[in-house]
>>> print(open('work_8.tsv').read())   # TSV, C-alpha atoms
chain	number	residue	atom	x	y	z
A	161	MET	CA	-2.04	-21.30	-0.13
A	162	THR	CA	-3.76	-18.85	2.21
A	163	LEU	CA	-3.56	-15.14	2.89
A	164	VAL	CA	-6.10	-14.01	5.45
A	165	MET	CA	-6.65	-10.57	6.98
A	166	GLU	CA	-8.08	-10.68	10.49
A	167	ASN	CA	-9.18	-8.11	13.07
A	168	LEU	CA	-9.29	-5.16	10.67
A	169	THR	CA	-9.83	-1.85	12.47
A	170	ARG	CA	-9.79	1.75	11.24
A	171	PHE	CA	-9.39	4.88	13.37
A	172	GLU	CA	-8.09	8.40	12.75
A	173	ARG	CA	-7.42	7.48	9.10
A	174	ILE	CA	-5.27	4.55	10.26
A	175	GLU	CA	-5.92	0.91	9.30
A	176	CYS	CA	-4.54	-1.84	11.50
A	177	SER	CA	-4.93	-5.55	10.80
A	178	MET	CA	-3.57	-8.96	11.70
A	179	VAL	CA	-2.63	-11.09	8.67
A	180	ASN	CA	-1.96	-14.83	8.55
A	181	ALA	CA	-0.14	-16.18	5.51
A	182	SER	CA	0.94	-19.68	4.53
A	183	GLY	CA	2.50	-20.58	1.20
A	184	ALA	CA	1.04	-17.33	-0.15
A	185	ARG	CA	2.31	-14.23	-1.89
A	186	TYR	CA	1.49	-10.62	-2.61
A	187	PRO	CA	2.12	-9.85	-6.30
A	188	LYS	CA	3.60	-6.50	-7.28
A	189	HIS	CA	1.27	-3.79	-6.02
A	190	THR	CA	1.28	-0.38	-4.36
A	191	HIS	CA	-0.60	1.66	-1.74
A	192	GLU	CA	-1.27	5.36	-1.33
A	193	GLU	CA	-0.43	5.14	2.39
A	194	TYR	CA	2.71	4.43	4.36
A	195	VAL	CA	2.65	0.70	5.13
A	196	ILE	CA	4.50	-0.52	8.21
A	197	SER	CA	4.32	-4.12	9.45
A	198	ALA	CA	5.61	-6.11	12.41
A	199	ASN	CA	6.49	-9.75	11.67
A	200	LEU	CA	5.26	-11.81	14.63
A	201	SER	CA	6.36	-15.20	13.32
A	202	GLY	CA	7.57	-16.97	10.20
A	203	LEU	CA	9.61	-15.84	7.22
A	204	GLU	CA	8.69	-13.30	4.54
A	205	ARG	CA	10.70	-12.52	1.42
A	206	ILE	CA	10.09	-9.03	0.11
A	207	TRP	CA	10.87	-7.17	-3.11
A	208	PHE	CA	10.81	-3.39	-3.66
A	209	ASN	CA	12.65	-0.98	-5.92
A	210	GLY	CA	14.67	-3.85	-7.39
A	211	LYS	CA	15.86	-5.02	-3.96
A	212	GLN	CA	15.22	-8.35	-2.24
A	213	GLN	CA	15.30	-8.89	1.52
A	214	GLN	CA	14.21	-11.47	4.11
A	215	VAL	CA	12.00	-10.52	7.05
A	216	LEU	CA	12.33	-12.57	10.22
A	217	SER	CA	10.21	-12.69	13.37
A	218	GLY	CA	10.66	-9.53	15.42
A	219	GLU	CA	11.52	-7.36	12.42
A	220	VAL	CA	9.62	-4.49	10.77
A	221	THR	CA	8.98	-3.64	7.12
A	222	LEU	CA	8.28	-0.12	5.94
A	223	TYR	CA	7.19	1.27	2.56
A	224	ASN	CA	6.62	4.89	1.55
A	225	PRO	CA	3.45	5.83	-0.40
A	226	MET	CA	3.24	4.46	-3.96
A	227	THR	CA	6.33	2.23	-3.61
A	228	VAL	CA	5.77	-0.87	-5.74
A	229	GLN	CA	6.29	-3.91	-3.55
A	230	ALA	CA	5.83	-7.70	-3.53
A	231	SER	CA	6.36	-10.53	-1.04
A	232	GLU	CA	6.01	-14.25	-0.50
A	233	PHE	CA	5.73	-16.45	2.57
A	234	CYS	CA	7.21	-19.85	3.24
A	235	GLY	CA	4.96	-22.89	3.61
A	236	THR	CA	5.25	-23.00	7.39
A	237	GLY	CA	3.33	-19.74	7.52
A	238	ALA	CA	3.81	-16.25	8.89
A	239	GLN	CA	1.77	-13.85	11.00
A	240	PHE	CA	2.19	-10.09	11.04
A	241	ILE	CA	0.48	-6.87	12.05
A	242	SER	CA	0.07	-4.42	9.18
A	243	VAL	CA	-0.57	-0.69	9.72
A	244	HIS	CA	-1.57	1.69	6.92
A	245	LEU	CA	-0.83	5.31	7.82
A	246	ASP	CA	-2.65	8.04	5.90
A	247	ALA	CA	-0.05	10.06	3.99
A	248	GLN	CA	-1.50	13.48	4.77
A	249	GLN	CA	-1.86	12.63	8.44
A	250	VAL	CA	1.81	11.64	8.59
A	251	HIS	CA	2.66	14.87	6.79
A	252	SER	CA	0.66	16.91	9.31
A	253	ILE	CA	2.53	15.29	12.21
A	254	PHE	CA	6.05	15.67	10.81
A	255	ASP	CA	5.85	18.77	8.57
A	256	GLN	CA	3.20	21.12	9.85
A	257	THR	CA	4.64	24.15	8.06
A	258	SER	CA	5.80	22.68	4.74
A	259	SER	CA	4.04	22.13	1.45
A	260	ALA	CA	1.35	19.43	1.45
A	261	ASN	CA	2.99	17.99	-1.66
A	262	ASP	CA	6.30	17.26	0.10
A	263	LEU	CA	5.56	14.06	1.97
A	264	PRO	CA	8.19	12.87	4.45
A	265	THR	CA	10.16	9.80	3.40
A	266	PHE	CA	11.49	7.01	5.60
A	267	GLU	CA	14.03	4.24	5.24
A	268	GLU	CA	12.33	1.42	3.34
A	269	GLY	CA	12.55	-2.34	3.61
A	270	VAL	CA	13.54	-4.38	6.67
A	271	LEU	CA	14.11	-2.44	9.91
A	272	ARG	CA	15.63	-4.34	12.84
A	273	ASP	CA	14.50	-2.16	15.72
A	274	GLY	CA	12.88	-3.44	18.90
A	275	ALA	CA	11.34	-0.14	19.99
A	276	LEU	CA	9.62	0.38	16.63
A	277	PHE	CA	8.43	-3.24	16.62
A	278	ARG	CA	6.94	-2.90	20.12
A	279	SER	CA	5.20	0.37	19.22
A	280	ILE	CA	3.31	-1.40	16.40
A	281	LEU	CA	2.22	-4.15	18.79
A	282	ALA	CA	1.11	-1.57	21.36
A	283	LEU	CA	-0.99	0.29	18.78
A	284	ASN	CA	-2.66	-2.94	17.68
A	285	GLU	CA	-3.55	-3.83	21.29
A	286	GLN	CA	-5.19	-0.51	22.15
A	287	LEU	CA	-8.98	-0.55	22.05
A	288	ASP	CA	-10.00	2.72	23.76
A	289	SER	CA	-9.50	6.01	21.98
A	290	SER	CA	-7.35	7.70	24.63
A	291	GLY	CA	-4.85	4.88	24.80
A	292	ARG	CA	-4.88	4.60	21.02
A	293	ASP	CA	-3.97	8.26	20.53
A	294	GLU	CA	-0.96	7.93	22.81
A	295	ALA	CA	0.12	4.64	21.17
A	296	LEU	CA	-0.05	6.30	17.75
A	297	LEU	CA	2.12	9.20	18.91
A	298	VAL	CA	4.66	6.73	20.31
A	299	LEU	CA	4.71	4.97	16.92
A	300	PHE	CA	5.32	8.30	15.16
A	301	SER	CA	8.13	9.17	17.58
A	302	GLU	CA	9.87	5.86	16.86
A	303	LEU	CA	9.28	6.27	13.14
A	304	ALA	CA	10.95	9.69	13.20
A	305	ARG	CA	14.34	8.04	13.78
A	306	PHE	CA	14.11	6.48	10.31
A	307	ARG	CA	13.33	9.62	8.37
A	308	THR	CA	15.53	10.15	5.32
A	309	THR	CA	16.26	12.96	2.89
A	310	PRO	CA	14.01	12.56	-0.16
A	311	ALA	CA	15.95	11.04	-3.00
A	312	THR	CA	16.25	13.19	-6.09
A	313	THR	CA	14.24	11.75	-8.91
A	314	ASP	CA	14.88	11.73	-12.62
A	315	GLU	CA	11.23	10.96	-13.32
A	316	PRO	CA	10.36	12.76	-16.54
A	317	VAL	CA	7.66	15.39	-16.52
A	318	ARG	CA	5.94	13.33	-19.21
A	319	LEU	CA	5.61	10.37	-16.82
A	320	ALA	CA	4.17	12.52	-14.05
A	321	GLN	CA	1.64	13.92	-16.50
A	322	LEU	CA	0.74	10.40	-17.64
A	323	ILE	CA	0.08	9.26	-14.06
A	324	ARG	CA	-2.08	12.33	-13.52
A	325	PHE	CA	-3.97	11.38	-16.70
A	326	MET	CA	-4.53	7.89	-15.23
A	327	LYS	CA	-5.84	9.32	-11.94
A	328	ASP	CA	-8.16	11.69	-13.78
A	329	ASN	CA	-9.62	8.84	-15.86
A	330	LEU	CA	-10.07	5.98	-13.36
A	331	TYR	CA	-13.68	5.57	-14.47
A	332	GLU	CA	-12.96	5.64	-18.19
A	333	ALA	CA	-12.30	2.67	-20.51
A	334	ILE	CA	-8.59	3.45	-20.89
A	335	GLU	CA	-6.47	1.17	-23.07
A	336	LEU	CA	-2.73	1.07	-23.71
A	337	GLU	CA	-3.23	2.97	-26.96
A	338	ASP	CA	-4.81	5.85	-25.03
A	339	LEU	CA	-1.77	6.05	-22.78
A	340	CYS	CA	0.53	5.96	-25.81
A	341	ALA	CA	-1.36	8.86	-27.34
A	342	GLU	CA	-1.22	10.84	-24.10
A	343	ALA	CA	2.53	10.24	-23.70
A	344	ASN	CA	3.25	10.50	-27.43
A	345	LEU	CA	5.24	7.26	-27.31
A	346	SER	CA	5.06	3.94	-29.12
A	347	ARG	CA	3.73	0.92	-27.25
A	348	PHE	CA	7.24	-0.52	-26.92
A	349	HIS	CA	8.87	2.68	-25.64
A	350	LEU	CA	6.01	3.46	-23.26
A	351	VAL	CA	6.02	0.02	-21.63
A	352	ARG	CA	9.82	-0.11	-21.44
A	353	SER	CA	10.30	3.37	-19.96
A	354	PHE	CA	7.33	3.18	-17.58
A	355	LYS	CA	8.33	-0.22	-16.18
A	356	ALA	CA	11.93	0.93	-15.73
A	357	LEU	CA	10.78	3.81	-13.52
A	358	LYS	CA	7.73	2.35	-11.76
A	359	SER	CA	8.50	-1.41	-11.70
A	360	LEU	CA	5.12	-2.15	-13.28
A	361	PRO	CA	3.87	-1.87	-16.87
A	362	PRO	CA	1.52	1.11	-17.34
A	363	MET	CA	-1.78	-0.80	-17.52
A	364	GLN	CA	-0.91	-2.82	-14.39
A	365	TYR	CA	-0.07	0.43	-12.61
A	366	PHE	CA	-3.40	1.85	-13.76
A	367	LYS	CA	-5.12	-1.19	-12.23
A	368	GLN	CA	-3.39	-0.49	-8.91
A	369	LEU	CA	-4.73	3.07	-8.99
A	370	ARG	CA	-8.21	1.68	-9.55
A	371	LEU	CA	-7.82	-0.67	-6.57
A	372	ILE	CA	-6.79	2.29	-4.42
A	373	GLU	CA	-9.97	4.07	-5.54
A	374	ALA	CA	-11.99	0.91	-4.79
A	375	ARG	CA	-10.66	0.89	-1.21
A	376	ARG	CA	-11.64	4.53	-0.79
A	377	ARG	CA	-15.18	3.82	-1.93
A	378	LEU	CA	-15.49	0.69	0.21
A	379	ARG	CA	-14.61	2.81	3.24
A	380	LEU	CA	-17.55	5.01	2.29
A	381	GLY	CA	-19.82	1.95	2.29
A	382	HIS	CA	-20.38	1.61	-1.47
A	383	ALA	CA	-21.43	-1.80	-2.81
A	384	PRO	CA	-18.62	-3.90	-4.32
A	385	ALA	CA	-20.73	-4.84	-7.35
A	386	ARG	CA	-21.32	-1.19	-8.21
A	387	ILE	CA	-17.65	-0.34	-7.69
A	388	ALA	CA	-16.59	-3.20	-9.95
A	389	VAL	CA	-18.77	-2.05	-12.83
A	390	GLU	CA	-17.92	1.64	-12.52
A	391	LEU	CA	-14.16	1.08	-12.22
A	392	GLY	CA	-13.96	-1.11	-15.31
A	393	PHE	CA	-13.54	-4.60	-13.82
A	394	PHE	CA	-15.16	-7.44	-15.74
A	395	ASP	CA	-17.46	-8.24	-12.83
A	396	GLN	CA	-17.52	-8.37	-9.03
A	397	ALA	CA	-15.50	-11.63	-9.00
A	398	HIS	CA	-12.74	-9.93	-11.02
A	399	LEU	CA	-12.58	-7.07	-8.51
A	400	SER	CA	-12.68	-9.52	-5.60
A	401	ASN	CA	-9.74	-11.55	-6.90
A	402	ALA	CA	-7.62	-8.47	-7.61
A	403	PHE	CA	-8.51	-6.91	-4.25
A	404	ARG	CA	-7.75	-10.09	-2.28
A	405	ASN	CA	-4.32	-10.35	-3.92
A	406	VAL	CA	-3.42	-6.92	-2.52
A	407	MET	CA	-5.31	-6.80	0.78
A	408	GLY	CA	-5.71	-10.44	1.82
A	409	THR	CA	-9.47	-10.12	2.12
A	410	THR	CA	-12.51	-9.64	-0.12
A	411	PRO	CA	-14.06	-6.23	-0.83
A	412	SER	CA	-17.19	-7.27	1.10
A	413	ASN	CA	-15.23	-8.30	4.18
A	414	TYR	CA	-13.12	-5.16	3.96
A	415	ARG	CA	-16.23	-2.98	3.85
A	416	SER	CA	-17.71	-4.87	6.81
A	417	GLY	CA	-14.51	-4.29	8.78
A	418	MET	CA	-14.76	-0.58	8.07
A	419	GLY	CA	-18.32	-0.62	9.42
>>> encode(input="work_8.tsv", output="structure tokens")
Amino acid sequence: MTLVMENLTRFERIECSMVNASGARYPKHTHEEYVISANLSGLERIWFNGKQQQVLSGEVTLYNPMTVQASEFCGTGAQFISVHLDAQQVHSIFDQTSSANDLPTFEEGVLRDGALFRSILALNEQLDSSGRDEALLVLFSELARFRTTPATTDEPVRLAQLIRFMKDNLYEAIELEDLCAEANLSRFHLVRSFKALKSLPPMQYFKQLRLIEARRRLRLGHAPARIAVELGFFDQAHLSNAFRNVMGTTPSNYRSGMG
């Protein structure tokens, strides 16, 4: 089982990488960016928001920020280009006059669109900054065709406050009991209601928020060992395993790619 990120590049708050996968899987996880991928070869089975779909060669997958997602790859292997688009940058392109809190939303899951697929390939192939800027604008123009009206949410105010509490305490030794106290719910009701709305139990979601913070610090050049200790992982190996499951590479290799 292998899941390997190759050729990681970052520019203008965009991350672009080539990933090779064989008999591997991404467990349930989430990202703070828009994630859009072009499947070059092989078969991927994805899960998001309770839906399951198959991704074939020549197809695109798209997830909005903080969508919980998972996938697995058949034994013959798959190769794809993955692009992480900074949420505020996408907002600035599409909604220059609206509130910074109202991020644009796009159709999620498998998109069978040749022009969008080719725009991802073109962005990945650009090495000079001038060509890259134009390729990124072409990608945004193709992406605009898949914009949707934001779905109304029944997410309770209490849940939003609890997630804010998690984000404000990423460096604290938070346990499930602390979340129960913050939400004023029993362990059973907290886990049941949180998982129903976010597709992950609360402590697993909290771990994903910590991994997002770890990525941010790695981009700043911080040492993985220090990040592991300060973000509450058992040790650097624990952080490395969790990080690899989500990103397909180790924290050290990710930081080197950012360099």
>>> residues_around(input="work_8.tsv", residues="Gly202 (chain A)", least_positions_apart="4", cutoff="6 Å", atoms="all atoms listed in the file", output="PyMOL selection string")
chain A and resi 217+237-238
>>> residues_around(input="work_8.tsv", residues="region 273-276 of chain A", least_positions_apart="3", cutoff="9 Å", atoms="only C-alpha atoms", output="list in words")
Ala198, Gly218, Glu219, Val220, Ser279, Ile280, Leu281, Val298, Leu299, Ser301, Glu302 and Leu303 of chain A
>>> atom_distance(input="work_8.tsv", atom1="CA of Glu267 (chain A)", atom2="CA of Tyr194 (chain A)")
11.4 Å
>>> closest_atom_pairs(input="work_8.tsv", of="region 311-336 of chain A", to="region 348-371 of chain A", cutoff="9 Å", atoms="all atoms listed in the file", output="CSV")
residue,atom,partner,partner_atom,distance
A:Asp314,CA,A:Leu357,CA,9.0
A:Glu315,CA,A:Leu357,CA,7.2
A:Leu319,CA,A:Phe354,CA,7.4
A:Ile323,CA,A:Phe366,CA,8.2
A:Met326,CA,A:Phe366,CA,6.3
A:Lys327,CA,A:Leu369,CA,7.0
A:Leu330,CA,A:Arg370,CA,6.0
A:Tyr331,CA,A:Arg370,CA,8.3
A:Ile334,CA,A:Met363,CA,8.7
A:Glu335,CA,A:Met363,CA,7.5
A:Leu336,CA,A:Met363,CA,6.5
>>> write_last_selection(input="work_8.tsv", atoms="C-alpha atoms", output="PDB file, in the coordinates of the input")
ATOM      1  CA  ASP A 314      14.880  11.730 -12.620  1.00  0.00           C
ATOM      2  CA  GLU A 315      11.230  10.960 -13.320  1.00  0.00           C
ATOM      3  CA  LEU A 319       5.610  10.370 -16.820  1.00  0.00           C
ATOM      4  CA  ILE A 323       0.080   9.260 -14.060  1.00  0.00           C
ATOM      5  CA  MET A 326      -4.530   7.890 -15.230  1.00  0.00           C
ATOM      6  CA  LYS A 327      -5.840   9.320 -11.940  1.00  0.00           C
ATOM      7  CA  LEU A 330     -10.070   5.980 -13.360  1.00  0.00           C
ATOM      8  CA  TYR A 331     -13.680   5.570 -14.470  1.00  0.00           C
ATOM      9  CA  ILE A 334      -8.590   3.450 -20.890  1.00  0.00           C
ATOM     10  CA  GLU A 335      -6.470   1.170 -23.070  1.00  0.00           C
ATOM     11  CA  LEU A 336      -2.730   1.070 -23.710  1.00  0.00           C
TER      12      LEU A 336
END
>>> residues_near_point(input="work_8.tsv", point="(-1.2, 1.8, 2.6)", cutoff="12 Å", atoms="only C-alpha atoms", output="JSON list (two decimals) with C-alpha atoms, keeping the file's coordinate frame")
[["chain", "number", "residue", "atom", "x", "y", "z"],
["A", 173, "ARG", "CA", -7.42, 7.48, 9.10],
["A", 174, "ILE", "CA", -5.27, 4.55, 10.26],
["A", 175, "GLU", "CA", -5.92, 0.91, 9.30],
["A", 176, "CYS", "CA", -4.54, -1.84, 11.50],
["A", 177, "SER", "CA", -4.93, -5.55, 10.80],
["A", 189, "HIS", "CA", 1.27, -3.79, -6.02],
["A", 190, "THR", "CA", 1.28, -0.38, -4.36],
["A", 191, "HIS", "CA", -0.60, 1.66, -1.74],
["A", 192, "GLU", "CA", -1.27, 5.36, -1.33],
["A", 193, "GLU", "CA", -0.43, 5.14, 2.39],
["A", 194, "TYR", "CA", 2.71, 4.43, 4.36],
["A", 195, "VAL", "CA", 2.65, 0.70, 5.13],
["A", 196, "ILE", "CA", 4.50, -0.52, 8.21],
["A", 197, "SER", "CA", 4.32, -4.12, 9.45],
["A", 222, "LEU", "CA", 8.28, -0.12, 5.94],
["A", 223, "TYR", "CA", 7.19, 1.27, 2.56],
["A", 224, "ASN", "CA", 6.62, 4.89, 1.55],
["A", 225, "PRO", "CA", 3.45, 5.83, -0.40],
["A", 226, "MET", "CA", 3.24, 4.46, -3.96],
["A", 227, "THR", "CA", 6.33, 2.23, -3.61],
["A", 228, "VAL", "CA", 5.77, -0.87, -5.74],
["A", 229, "GLN", "CA", 6.29, -3.91, -3.55],
["A", 242, "SER", "CA", 0.07, -4.42, 9.18],
["A", 243, "VAL", "CA", -0.57, -0.69, 9.72],
["A", 244, "HIS", "CA", -1.57, 1.69, 6.92],
["A", 245, "LEU", "CA", -0.83, 5.31, 7.82],
["A", 246, "ASP", "CA", -2.65, 8.04, 5.90],
["A", 247, "ALA", "CA", -0.05, 10.06, 3.99],
["A", 248, "GLN", "CA", -1.50, 13.48, 4.77],
["A", 250, "VAL", "CA", 1.81, 11.64, 8.59],
["A", 368, "GLN", "CA", -3.39, -0.49, -8.91],
["A", 371, "LEU", "CA", -7.82, -0.67, -6.57],
["A", 372, "ILE", "CA", -6.79, 2.29, -4.42],
["A", 375, "ARG", "CA", -10.66, 0.89, -1.21],
["A", 376, "ARG", "CA", -11.64, 4.53, -0.79],
["A", 406, "VAL", "CA", -3.42, -6.92, -2.52],
["A", 407, "MET", "CA", -5.31, -6.80, 0.78]]
>>> closest_residue(input="work_8.tsv", among="A:Gly392, A:Pro264, A:Gly210, A:Gly408", to="Thr309 (chain A)", atoms="all atoms listed in the file")
A:Pro264
>>> atom_distance(input="work_8.tsv", atom1="CA of Ala402 (chain A)", atom2="CA of Pro187 (chain A)")
9.9 Å
>>> atom_distance(input="work_8.tsv", atom1="CA of Asn209 (chain A)", atom2="CA of Thr236 (chain A)")
26.8 Å
>>> closest_residue(input="work_8.tsv", among="A:Arg324, A:Phe240, A:Gly235, A:Ile253", to="Ser201 (chain A)", atoms="all atoms listed in the file")
A:Phe240
>>> closest_residue(input="work_8.tsv", among="A:Ser400, A:Thr265, A:Asn199, A:Gln213", to="Ala304 (chain A)", atoms="only C-alpha atoms")
A:Thr265
>>> axis_aligned_box(input="work_8.tsv", around="region 381-393 of chain A", padding_each_side="6 Å", output="AutoDock Vina command-line options")
--center_x -17.5 --center_y -1.4 --center_z -6.5 --size_x 19.9 --size_y 18.8 --size_z 29.6
>>> closest_residue(input="work_8.tsv", among="A:Glu332, A:Leu399, A:Leu322, A:Tyr186", to="Asn344 (chain A)", atoms="all atoms listed in the file")
A:Leu322
